[in-house]
Amino acid sequence: MSVRGARVYALLLLVAALPLQPPLRAQETGVDTEGRAPVATRADLQAQLAQAEQIASSTGYSDAFRSQKRQEATQIQERLTEGDFLPGDQIILNVVGDTTLSGTMTIGPGRVLSLAGLPDISLRGVLRSEIQPYLLGQIGRYLKDPEVKARALIRLSVLGGVGQPGFYQLDADMLLADALTKAGGIGNTTELQRSSIKRNDQEIVDGAQFVDAIAKGQTLDQLNLRAGDVIDVGIKPTKDWF
């Protein structure tokens, strides 16, 4: 393992060993009550898109960095156009006083959310940051003054050098490092520089970006992940002594 990889690995172990502390108030930190950064708003994504496109078209950066920004711009544009929700994603929904509309709801084919006694709700074009007010408006068409709380989950695969590889429904605002912990954590055979994130067998985050995302505390939402993406955690190559 390289010096940088060893530092990141030590950081993950240190964070895992720290005792839980009560989070500061959101207005003091800019994060929510669970200590997480908020998911990106439409305005946030539009600003990120403009910056990525500017870098991609500039001659003042390396070809590799410009290519990375072009790929990022494509991902952001797709989010802005199509929304964040895909079949298989889940929403933790709480309609106060109505247990039939509350629970963990899975998005069905056609990006549709089906709720008992209500017409199907299309989520095409809806961002994660918009889901609570959007569902409030949709449900409010049929219920008088509902109180609605909603949180978005992403259906991801976490494979490779983690303790419990498999399929997970993860909070969109979860740190990438926390996602690895959720999947059993990393071990002595893990090599983060060999990690990647893939979409339809295409690499969208390489090893260097993966390590950087952990070091910077980036969330799954900030990495523009969506349902079906694969977090492939690197494993040290084994030597064949024969």
# chains A, B, ... in the order shown; residues from 1 in each chain; ligands from 1
>>> residues_around(residues="Ala73 (chain A)", least_positions_apart="5", cutoff="9 Å", atoms="only C-alpha atoms", output="JSON, numbers by chain")
{"A": [48, 49, 50, 51, 52, 53, 56, 68, 78]}
>>> select_by_dssp(residues="region 91-168 of chain A", states="alpha helix (DSSP H)", output="count of residues only")
9
>>> closest_residue(among="A:Ser102, A:Asn188, A:Gln202, A:Ser57", to="Ile235 (chain A)", atoms="only C-alpha atoms")
A:Asn188
>>> residues_around(residues="Thr190 (chain A)", least_positions_apart="5", cutoff="9 Å", atoms="only C-alpha atoms", output="ChimeraX atom specification")
/A:1,9,160-162,195,233-236
>>> select_by_dssp(residues="region 20-160 of chain A", states="strand (DSSP E)", output="short mmCIF file (atom, residue, chain, number, x, y, z; two decimals) with N, CA, C and O atoms, in the first residue's frame")
data_model
loop_
_atom_site.label_atom_id
_atom_site.label_comp_id
_atom_site.auth_asym_id
_atom_site.auth_seq_id
_atom_site.Cartn_x
_atom_site.Cartn_y
_atom_site.Cartn_z
N GLN A 90 -35.46 3.36 -3.02
CA GLN A 90 -36.48 3.39 -1.99
C GLN A 90 -36.59 4.78 -1.37
O GLN A 90 -35.63 5.56 -1.39
N ILE A 91 -37.78 5.05 -0.83
CA ILE A 91 -38.04 6.31 -0.12
C ILE A 91 -38.61 5.95 1.24
O ILE A 91 -39.57 5.17 1.34
N ILE A 92 -37.99 6.47 2.29
CA ILE A 92 -38.55 6.31 3.63
C ILE A 92 -39.55 7.44 3.82
O ILE A 92 -39.19 8.62 3.92
N LEU A 93 -40.82 7.08 3.84
CA LEU A 93 -41.91 8.05 3.83
C LEU A 93 -42.69 7.99 5.13
O LEU A 93 -43.02 6.91 5.62
N ASN A 94 -42.96 9.16 5.68
CA ASN A 94 -43.78 9.25 6.88
C ASN A 94 -44.85 10.31 6.67
O ASN A 94 -44.55 11.50 6.58
N VAL A 95 -46.10 9.86 6.53
CA VAL A 95 -47.24 10.78 6.47
C VAL A 95 -47.89 10.72 7.86
O VAL A 95 -48.50 9.72 8.23
N GLY A 103 -43.88 4.31 5.58
CA GLY A 103 -43.03 3.12 5.52
C GLY A 103 -41.94 3.29 4.49
O GLY A 103 -41.70 4.39 3.97
N THR A 104 -41.24 2.21 4.19
CA THR A 104 -40.19 2.22 3.17
C THR A 104 -40.81 1.80 1.85
O THR A 104 -41.20 0.65 1.68
N MET A 105 -40.87 2.74 0.92
CA MET A 105 -41.56 2.52 -0.35
C MET A 105 -40.54 2.32 -1.48
O MET A 105 -39.58 3.08 -1.60
N THR A 106 -40.76 1.30 -2.29
CA THR A 106 -39.87 1.01 -3.41
C THR A 106 -40.45 1.58 -4.70
O THR A 106 -41.63 1.42 -5.00
N VAL A 112 -42.21 5.12 -10.99
CA VAL A 112 -43.50 5.43 -10.40
C VAL A 112 -43.52 4.99 -8.94
O VAL A 112 -43.05 3.90 -8.60
N LEU A 113 -44.08 5.84 -8.08
CA LEU A 113 -44.28 5.52 -6.67
C LEU A 113 -45.75 5.21 -6.45
O LEU A 113 -46.61 6.05 -6.73
N ILE A 121 -47.67 8.01 -8.58
CA ILE A 121 -46.96 9.29 -8.62
C ILE A 121 -45.69 9.11 -9.42
O ILE A 121 -44.81 8.32 -9.06
N SER A 122 -45.56 9.84 -10.52
CA SER A 122 -44.34 9.78 -11.34
C SER A 122 -43.23 10.59 -10.67
O SER A 122 -43.45 11.71 -10.22
N VAL A 148 -45.76 15.66 5.77
CA VAL A 148 -45.02 14.62 5.05
C VAL A 148 -43.52 14.78 5.29
O VAL A 148 -42.97 15.88 5.19
N LYS A 149 -42.88 13.66 5.60
CA LYS A 149 -41.42 13.61 5.70
C LYS A 149 -40.94 12.49 4.78
O LYS A 149 -41.50 11.40 4.78
N ALA A 150 -39.88 12.78 4.01
CA ALA A 150 -39.39 11.78 3.06
C ALA A 150 -37.87 11.83 2.96
O ALA A 150 -37.28 12.92 3.00
N ARG A 151 -37.26 10.66 2.86
CA ARG A 151 -35.81 10.57 2.73
C ARG A 151 -35.47 9.58 1.63
O ARG A 151 -36.06 8.49 1.56
N ALA A 152 -34.52 9.94 0.78
CA ALA A 152 -34.19 9.12 -0.39
C ALA A 152 -33.07 8.13 -0.09
O ALA A 152 -32.07 8.47 0.54
N LEU A 153 -33.25 6.90 -0.58
CA LEU A 153 -32.22 5.87 -0.52
C LEU A 153 -31.82 5.50 -1.95
O LEU A 153 -32.61 5.63 -2.89
N ILE A 154 -30.56 5.03 -2.09
CA ILE A 154 -30.06 4.60 -3.41
C ILE A 154 -29.73 3.11 -3.35
O ILE A 154 -29.08 2.65 -2.42
N ARG A 155 -30.15 2.38 -4.36
CA ARG A 155 -29.84 0.95 -4.45
C ARG A 155 -28.48 0.77 -5.13
O ARG A 155 -28.33 1.00 -6.32
N LEU A 156 -27.48 0.38 -4.35
CA LEU A 156 -26.11 0.23 -4.84
C LEU A 156 -25.56 -1.14 -4.51
O LEU A 156 -25.99 -1.79 -3.56
N SER A 157 -24.57 -1.56 -5.29
CA SER A 157 -23.79 -2.76 -4.98
C SER A 157 -22.45 -2.32 -4.41
O SER A 157 -21.81 -1.42 -4.95
N VAL A 158 -22.05 -2.93 -3.30
CA VAL A 158 -20.73 -2.68 -2.73
C VAL A 158 -19.99 -4.02 -2.74
O VAL A 158 -20.36 -4.96 -2.03
N LEU A 159 -18.97 -4.12 -3.58
CA LEU A 159 -18.28 -5.38 -3.83
C LEU A 159 -16.79 -5.25 -3.54
O LEU A 159 -16.29 -4.16 -3.24
N GLY A 160 -16.09 -6.36 -3.64
CA GLY A 160 -14.63 -6.34 -3.52
C GLY A 160 -14.16 -6.41 -2.08
O GLY A 160 -14.63 -7.22 -1.29
#
>>> atom_distance(atom1="CA of Glu191 (chain A)", atom2="CA of Phe210 (chain A)")
11.0 Å
>>> closest_residue(among="A:Val205, A:Val230, A:Ala213, A:Leu225", to="Pro165 (chain A)", atoms="only C-alpha atoms")
A:Val230
>>> atom_distance(atom1="CA of Arg124 (chain A)", atom2="CA of Ala179 (chain A)")
25.8 Å
>>> closest_residue(among="A:Val39, A:Asp201, A:Ile131, A:Leu136", to="Met174 (chain A)", atoms="only C-alpha atoms")
A:Val39
>>> atom_distance(atom1="CA of Asp120 (chain A)", atom2="CA of Leu143 (chain A)")
14.9 Å
>>> closest_residue(among="A:Leu127, A:Leu101, A:Ala208, A:Ala116", to="Ala43 (chain A)", atoms="only C-alpha atoms")
A:Leu127
>>> residues_around(residues="Pro109 (chain A)", least_positions_apart="4", cutoff="9 Å", atoms="only C-alpha atoms", output="list in words")
Leu86, Pro87, Gly88 and Leu113 of chain A
>>> residues_around(residues="Gln71 (chain A)", least_positions_apart="4", cutoff="9 Å", atoms="only C-alpha atoms", output="list in words")
Ala52, Arg66, Ser67, Gln75, Ile76 and Ile204 of chain A
>>> write_last_selection(atoms="all heavy atoms", output="PDB file, in the first residue's frame")
ATOM      1  N   ALA A  52     -18.165  22.688 -14.342  1.00  0.00           N
ATOM      2  CA  ALA A  52     -17.588  21.527 -15.028  1.00  0.00           C
ATOM      3  C   ALA A  52     -17.442  21.792 -16.522  1.00  0.00           C
ATOM      4  O   ALA A  52     -16.418  21.440 -17.132  1.00  0.00           O
ATOM      5  CB  ALA A  52     -18.455  20.292 -14.784  1.00  0.00           C
ATOM      6  N   ARG A  66      -9.776  17.501 -17.819  1.00  0.00           N
ATOM      7  CA  ARG A  66     -10.869  17.995 -18.658  1.00  0.00           C
ATOM      8  C   ARG A  66     -11.826  16.854 -19.017  1.00  0.00           C
ATOM      9  O   ARG A  66     -13.048  17.036 -19.034  1.00  0.00           O
ATOM     10  CB  ARG A  66     -10.297  18.642 -19.916  1.00  0.00           C
ATOM     11  CG  ARG A  66      -9.566  19.961 -19.649  1.00  0.00           C
ATOM     12  CD  ARG A  66      -8.737  20.381 -20.844  1.00  0.00           C
ATOM     13  NE  ARG A  66      -9.556  20.584 -22.023  1.00  0.00           N
ATOM     14  CZ  ARG A  66      -9.064  20.707 -23.246  1.00  0.00           C
ATOM     15  NH1 ARG A  66      -7.755  20.627 -23.445  1.00  0.00           N
ATOM     16  NH2 ARG A  66      -9.865  20.910 -24.266  1.00  0.00           N
ATOM     17  N   SER A  67     -11.266  15.674 -19.283  1.00  0.00           N
ATOM     18  CA  SER A  67     -12.110  14.520 -19.579  1.00  0.00           C
ATOM     19  C   SER A  67     -12.962  14.146 -18.370  1.00  0.00           C
ATOM     20  O   SER A  67     -14.149  13.814 -18.509  1.00  0.00           O
ATOM     21  CB  SER A  67     -11.228  13.329 -19.978  1.00  0.00           C
ATOM     22  OG  SER A  67     -12.008  12.172 -20.185  1.00  0.00           O
ATOM     23  N   GLN A  75     -23.071  13.580 -16.294  1.00  0.00           N
ATOM     24  CA  GLN A  75     -23.822  13.001 -15.180  1.00  0.00           C
ATOM     25  C   GLN A  75     -24.768  14.025 -14.552  1.00  0.00           C
ATOM     26  O   GLN A  75     -25.929  13.723 -14.247  1.00  0.00           O
ATOM     27  CB  GLN A  75     -22.859  12.460 -14.127  1.00  0.00           C
ATOM     28  CG  GLN A  75     -22.021  11.293 -14.592  1.00  0.00           C
ATOM     29  CD  GLN A  75     -20.865  10.992 -13.652  1.00  0.00           C
ATOM     30  OE1 GLN A  75     -20.747  11.580 -12.583  1.00  0.00           O
ATOM     31  NE2 GLN A  75     -20.002  10.077 -14.050  1.00  0.00           N
ATOM     32  N   ILE A  76     -24.280  15.238 -14.374  1.00  0.00           N
ATOM     33  CA  ILE A  76     -25.103  16.284 -13.755  1.00  0.00           C
ATOM     34  C   ILE A  76     -26.258  16.668 -14.668  1.00  0.00           C
ATOM     35  O   ILE A  76     -27.396  16.842 -14.215  1.00  0.00           O
ATOM     36  CB  ILE A  76     -24.241  17.515 -13.418  1.00  0.00           C
ATOM     37  CG1 ILE A  76     -23.214  17.172 -12.333  1.00  0.00           C
ATOM     38  CG2 ILE A  76     -25.122  18.674 -12.942  1.00  0.00           C
ATOM     39  CD1 ILE A  76     -22.218  18.279 -12.051  1.00  0.00           C
ATOM     40  N   ILE A 204     -16.901   5.318 -13.750  1.00  0.00           N
ATOM     41  CA  ILE A 204     -17.238   6.732 -13.593  1.00  0.00           C
ATOM     42  C   ILE A 204     -16.422   7.386 -12.482  1.00  0.00           C
ATOM     43  O   ILE A 204     -16.363   8.617 -12.409  1.00  0.00           O
ATOM     44  CB  ILE A 204     -18.745   6.933 -13.332  1.00  0.00           C
ATOM     45  CG1 ILE A 204     -19.186   6.238 -12.040  1.00  0.00           C
ATOM     46  CG2 ILE A 204     -19.570   6.458 -14.518  1.00  0.00           C
ATOM     47  CD1 ILE A 204     -20.628   6.552 -11.643  1.00  0.00           C
TER      48      ILE A 204
END
